[in-house]
Each structure stands twice: as structure tokens, then as C-alpha cells.
Amino acid sequence: MTPQITVLDAGGQYCHLIARKVRDLGIYAEVAPSETPVSLLCDRKGVIISGGPASVYDPASPTIDPALLTSGIPVLGICYGQQLMAHALGGHVKKGDRGEYGLALLDIIHSDTILHGIEGRQQVWMSHRDVVAAVPDGFDVLASTETCAIAAMSSPQRGLFAVQFHPEVAHTPCGLTILRNFLFDVCGCEKDWDPAGQVEAVENQIRAATGNRNVFFFVSGGVDSSVAYTLCLKALGPERVHGTYVDTGLMREGETEFVRHNFKAIQIADARNEFLSALAAATDPEQKRHIIGEKFVDVQQRVLESEHFLDANWILGQGTIYPDTIESGGTAKADLIKTHHNRVAGIQRLIEEGRIIEPLSSFYKDEVRAIGRQMGLAPELLDRQPFPGPGLAIRCLCSDISSGLEKTADGYIIPVRSVGVQGDSRTYRPVLAIEEFPATDEDVPRLINKLDQVNRVVVAVWTAVPIQEMRVEPATLTADRLNLLRRADAIVRKLTKQAAYDALIWQFPVVLIPCGALNDHNSVVLRPIHSVDGMTANAVRMPADLLKTMTAELREIKGIAGVFYDLTNKPPGTIEWE
Ligand code: XMP
């Protein structure tokens with residue numbers, strides 16, 4: 001399909017969110033690198049330039065083809081996109097030193113074109129350092145905030161529009177109206193997109209791409225591989241589609257049975273002992289991920305060879321979704337925060353030979369769910385919270401040291417290091433444990449800024465002994481520790497479901513840390529979060545009665561000496577602890 005709208009990716013985490021919002025409005029949109037030449041965009045009805053972390057004055061900052069702005073194609077610049085537009089057309093962008101992050105009040109000056117139907121004062125979400133200080137010739141200022149005089153600008157005759165705030169996020173309630181105004185009134189887009197209506201087209205594509213060959217899948221139990229596998233089953237029939245599920249022993253309680261129940265024909269490769277023994281001595285998070293990645297390659301390679309899937313009449317099916325394709329190709333700029341192991345090296349040959357089919361590669365996650373629903377897949381399968389490929393291994397923290405906790409004026413430092421993210425880089429630091437839930441959510445970032453040796457704050461909800469008596473001891477990934485974590489995770493999942501709390505959060509990792517007392521050497525950390533896409537996240541506080549019931553059940557697990565509650569947002573934490 002030719003997209004009506006292209007979102008030019010200027011390096012911001014928001015570009016996919018913009019494209020998703022456009023698609024939600026029924027218009028097919030794709031993401032492309034910001035430098036895409038205008039010759040490749042001439043049949044678009046409009047172009048949106050996304051936000052980005054850069055300043056137009058940084059030498060390596062993303063740029064656009066300047067001809068875009070005189071091409072006659074309507075353009076909407078968002079955040080950094082507004083600054084790029086102003087800079088390219090002779091306006092003035094002023095370098096900011098502090099920036100503006102968070103909610104702001106927007107005063108509308110002209111409620112026409114993209115601000116049509118929006119009046120008075122509006123809440124918007126801002127996230128920027130530089131500002132446009134003078135509009136280019138021929139532009140009008142459409143709106144301002146207290147700290148940002150040019151919060152929206154336009155030159156409607158030329159089809160150029162820009163906003164400094166983020167219309168694509170939920171914190172900007174009038175944002176959808178702005179996008180709608182741009183798409184339908186300015187660009188003249190016509191609705192052409194409904195993912196559920198794509199099932200037949202995708203099946204046809206699968207038939208055309210496979211020809212008379214067969215498809216095999218490694219099914220993980222996650223949404224993407226399940227929907228991709230089912231699409232191929234539907235398109236080609238069960239004789240021509242094979243699925244294998246690798247049981248790594250790192251999955252949640254009941255996972256293998258769940259997969260078996262949902263996919264009757266699936267073959268299960270039991271690799272539990274193999275993974276456990278490979279991981280026996282690992283304590284470093286990157287090392288754990290590396291070992292798991294390698295083991296996956298070994299096991300998958302073995303399956304490929306033993307089942308003759310490398311013969312020419314087989315191709316590999318994968319559940320790759322749209323953001324994955326952009327990330328692996330485009331965002332070379334993004335620092336390695338954690339090594340993801342999605343691309344198995346042993347499968348490289350099939351990829352090089354083009355013997356691969358990715359039926360979901362132009363869809364976003366919610367669209368994949370819509371396709372799954374359309375095909376009648378079970379809601380428990382489609383509405384699952386994301387679960388990382390390396391499974392419980394990255395939620396079972398290890399330690400090389402034996403040490404007590406360090407008392408500080410603010411709480412106790414638990415010397416178990418976990419991964420975090422600061423700016424675009426990774427941190428690996430101990431955790432601050434405090435004894436009470438703080439009065440406000442702002443107290444947590446304040447503590448982390450103050451004590452820069454930590455990247456997370458947890459509340460000690462319950463400890464078997466006074467917290468100052470707890471200790472961290474050396475620990476690796478053992479079957480016993482994984483079982484403890486699996487039990488704790490199953491309890492948390494059962495209770496969140498019973499309380500219908502699972503529908504209110506995006507993800508709820510449960511983490512095991514080697515911090516204990518007496519004969520019980522581990523504690524559980526609860527980490528419920530809100531997020532849109534996993535790129536950023538907010539820690540959420542669950543209702544007190546749910547936490548009480550949960551803690552009561554968790555402390556009954558033999559071997560558990562404490563229950564902690566992670567209050568850290570991402571950044572500076574990550575969602576997983578690793
Ligand atoms: P972090 O911990 O980086 O996680 O804030 C962001 C989101 O990504 C998930 N995640 C993974 N998913 N394979 C996956 O399929 C992985 O290796 C992996 N690591 C993290 C994590 O659960 C969260 O939703």
C-alpha cells in the first residue's frame with residue numbers, strides 16, 4: 001500500500017507514536033528516515049516531521065531535504081520538526097539551556113487550520129530544550145505558552161504547519177483534533193486503513209511469497225509469533241506450516257501448557273537442562289543475555305537440521321512487527337542499552353537467501369491484536385502483557401558479593417546492581433530501599449538525583465527481619481531460584497487478574513533479588529508500570545488492599561525474606577532489572 005502520510009523520523013522516540021495515531025484515524029502511514037529525498041515523497045498527501053533529541057545546531061543532528069518545504073506537499077513539524085522547519089526557512093532557533101519538560105498551558109491565538117475547533121487555554125505536553133525565537137517570513141504565530149512564545153506556527157498558503165508541543169501523546173487532549181485537522185482538512189486524506197480488514201490481503205501475500213514451499217516457525221507464545229503463525233496456518237493449511245516451541249525453562253508457570261493448549265499441532269523442544277547448565281556461572285546481565293542468545297542459536301540450529309527445515313522447500317516465518325523493522329534498520333543512532341537477541345545468527349543464512357516471511361512487518365502491536373481478534377484467537381493470548389524473550393532469567397538477579405546493606409540518611413543501599421538508562425546510555429547501579437511510600441511521586445527522582453550511586457528506589461513493604469539486618473549473598477541462576485521467582489510471579493499474576501488490575505497496567509515484572517536474612521536468601525520486587533511502548537514508563541502504585549493481599553501471599557513462599565516495591569520511572573530505571 002502507498003502511504004498517504006510519511007512520518008520523517010528525526011530520532012525521537014515519538015515518531016512511531018505519531019504514525020500509530022495517524023493509522024488509528026484510518027489513514028495508512030509509514031515511517032521513513034528524516035533525510036528521505038522529496039522525490040520519494042511526491043505521491044504523499046502530507047508529511048509529518050517528528051520530534052527528536054537533537055538541536056538544529058548540533059553538527060550531526062538529523063536534517064530534511066530542504067526541497068520538501070517548497071514542494072507543495074503539506075508538512076506538519078512537531079517539536080524538533082518545528083525547529084527544523086523554522087531553521088531551514090530563515091527563522092531563528094534559540095538554544096535553550098534548561099528546556100521545558102512536562103505539562104504546559106497553551107494559549108490559542110488563531111484557532112484556524114490545524115487549530116480549528118480548539119479555543120482558549122489547552123493542556124499540552126512539552127519536551128524540548130531549544131525554542132523557535134523568530135518565525136520565518138510569511139509565518140504566523142498560532143499559539144503560545146508562558147515559557148514558549150512560539151508554540152505553534154503556520155504558513156497556510158504554503159501548506160506548512162508546526163507545533164512545539166506533542167499532539168501525539170495522551171497528555172495533549174486536543175492533539176487528536178490537531179492531527180485530524182491536518183490529515184483531513186489540510187492534506188485531504190481519505191480513510192483507507194483498517195488492520196482487521198487486512199487479513200485476506202496478508203493471506204494472499206503469504207501464498208504469493210511462499211509459492212509451493214512450506215513455512216516453519218519458532219513460536220514463543222507471545223502475541224506476534226502466535227498471530228503470524230496463525231495467519232500462515234490459515235493461508236497455507238496445516239500440512240504446510242510447522243511450529244516449534246523451545247522450552248528454555250525460563251518461562252512463567254504454566255507457559256508450556258498454555259502454548260500446547262492454544263496450538264495443538266506445535267512441537268515442543270525441551271531444552272530446560274541445557275539452558276540451566278549454560279547459565280550456571282553467569283552473574284553479569286549482558287553475559288546472561290549473551291549465553292541465552294547463543295543457546296537459542298544452538299537449539300534452533302539443531303531443530304532446523306533435525307527436521308530438514310534447511311532444505312530448499314522450507315522457509316522461515318517470523319513474527320517481526322513494524323517497529324522492529326525500523327529499529328534494526330534505521331536507529332543506528334540509538335545507544336545499545338541492552339542486547340536484544342531477536343536476530344539469531346544461525347538463521348542469518350535463510351535471511352540472506354531471502355527464505356524468510358514476516359507477515360506482520362507493516363503492523364503495529366495493536367493492529368496485530370486486531371488481526372488476531374479478526375481470526376478468532378483467544379483474548380488471553382492477544383491481550384497478554386509483553387514478556388521478554390530471555391524470560392525469567394533477566395528478572396532473576398545474581399550477585400558476586402557478600403555484603404550487608406549500607407545505611408544512608410535517606411534509606412538503605414542494597415548492593416544488588418540493576419540496569420538503568422540515563423540520557424542515551426546504560427547504567428548499572430545499586431538500589432536505594434526506603435521504609436515508607438513517599439508522600440509524592442517527585443520524591444523518587446529527587447532521591448536518585450541526590451544519591452548518584454543508585455538508579456532505582458524501592459520501598460520495603462515487608463521484611464522478615466529489620467531491614468538493616470538483611471544481607472546480599474552470592475547467587476546465580478539456579479533451578480531453585482527460578483522456581484521461587486516463578487511461584488512469586490504466578491501469585492502476582494493470579495491476584496492482579498482477580499482484582500482486574502491487570503487491565504489497568506501495561507506490564508508487571510516480578511523480580512527476584514539475592515537479598516535476604518537467616519536461611520531465606522531472596523526477596524521479591526514488584527514492578528507494575530504504565531507505558532505506551534516500553535520506551536519510557538511510569539511506576540504505578542497499586543491499590544493498598546491489593547498490595548496487602550499480595551504481600552501476605554508472597555511472604556508465605558518458603559525462601560522469601562522480603563517484598564519490595566519499585567517506584568522508579570524509566571528513565572532513570574529500565575522496566576526490567578536484568
Ligand atoms: P526495558 O527493560 O529495556 O524494557 O525498559 C522495555 C520493554 O522491552 C521488553 N524487553 C524485551 N522484549 N526481548 C523481548 O522480546 C528482550 O530481550 C527484551 N528485553 C526487554 C521489556 O519486557 C519491556 O516491555
# chains A, B, ... in the order shown; residues from 1 in each chain; ligands from 1
$ residues_near_ligand --ligand "ligand 1" --cutoff "6 Å" --atoms "only C-alpha atoms and all ligand atoms" --output "list of chain:residue names"
A:His340, A:His341, A:Pro386, A:Phe387, A:Pro388, A:Gly389, A:Pro390, A:Gly534, A:Thr574, A:Ile575, A:Glu576
$ write_last_selection --atoms "N, CA and C atoms" --output "short mmCIF file (atom, residue, chain, number, x, y, z; two decimals), in the first residue's frame"
data_model
loop_
_atom_site.label_atom_id
_atom_site.label_comp_id
_atom_site.auth_asym_id
_atom_site.auth_seq_id
_atom_site.Cartn_x
_atom_site.Cartn_y
_atom_site.Cartn_z
N HIS A 340 19.46 -7.06 22.64
CA HIS A 340 18.31 -7.90 22.37
C HIS A 340 18.77 -9.07 21.51
N HIS A 341 18.15 -10.21 21.70
CA HIS A 341 18.70 -11.37 21.00
C HIS A 341 17.80 -11.83 19.86
N PRO A 386 3.42 -7.71 27.57
CA PRO A 386 4.67 -8.16 26.94
C PRO A 386 5.54 -8.93 27.93
N PHE A 387 6.20 -9.94 27.44
CA PHE A 387 7.11 -10.73 28.27
C PHE A 387 8.40 -10.90 27.48
N PRO A 388 9.54 -10.58 28.08
CA PRO A 388 10.79 -10.57 27.30
C PRO A 388 11.22 -11.96 26.86
N GLY A 389 11.82 -12.04 25.70
CA GLY A 389 12.31 -13.32 25.17
C GLY A 389 13.18 -14.10 26.15
N PRO A 390 14.18 -13.46 26.78
CA PRO A 390 15.04 -14.21 27.70
C PRO A 390 14.34 -14.57 29.01
N GLY A 534 6.91 0.96 25.93
CA GLY A 534 8.09 0.40 26.58
C GLY A 534 9.31 1.31 26.52
N THR A 574 15.14 1.00 34.07
CA THR A 574 14.53 0.39 32.89
C THR A 574 13.35 -0.41 33.43
N ILE A 575 12.54 -0.97 32.53
CA ILE A 575 11.39 -1.74 33.02
C ILE A 575 11.90 -3.03 33.68
N GLU A 576 12.77 -3.73 32.98
CA GLU A 576 13.35 -4.94 33.54
C GLU A 576 14.55 -4.55 34.41
#
$ select_by_dssp --residues "stretch 32-173 of chain A" --states "strand (DSSP E)" --output "ChimeraX atom specification"
/A:32-33,46-49,75-78,92-94,100-108,121-128,131-134,140-144,152-155,160-163
$ residues_around --residues "stretch 9-23 of chain A" --least-positions-apart "2" --cutoff "7 Å" --atoms "only C-alpha atoms" --output "number ranges by chain"
A: 7, 25-34, 49-53, 62, 168, 193
$ select_by_dssp --residues "stretch 261-372 of chain A" --states "helix (DSSP H, G or I)" --output "ChimeraX atom specification"
/A:261-262,272-278,285-306,322-329,345-352,365-372
$ closest_residue --among "A:Phe184, A:Asp566, A:Leu176, A:Thr478" --to "A:Phe437" --atoms "only C-alpha atoms"
A:Asp566
$ residues_around --residues "A:Lys570" --least-positions-apart "5" --cutoff "9 Å" --atoms "only C-alpha atoms" --output "list in words"
Gly420, Val421, Gln422, Gly534, Met535, Thr536, Ala537, Asn538, Ala539 and Ile575 of chain A
$ residues_around --residues "A:Asp452" --least-positions-apart "5" --cutoff "12 Å" --atoms "only C-alpha atoms" --output "JSON, numbers by chain"
{"A": [413, 422, 427, 428, 429, 430, 431, 432, 445, 446, 447, 457, 572]}
$ closest_residue --among "A:Pro571, A:Phe564, A:Leu554, A:Ile178" --to "A:Gly423" --atoms "only C-alpha atoms"
A:Pro571
$ atom_distance --atom1 "atom CA of A:Glu200" --atom2 "atom CA of A:Tyr364"
17.5 Å
$ closest_residue --among "A:Gln468, A:Thr6, A:Gln123, A:Ser402" --to "A:Leu41" --atoms "only C-alpha atoms"
A:Thr6
$ closest_residue --among "A:Ile206, A:Ile505, A:Ala500, A:Ala151" --to "A:Gln83" --atoms "only C-alpha atoms"
A:Ala151
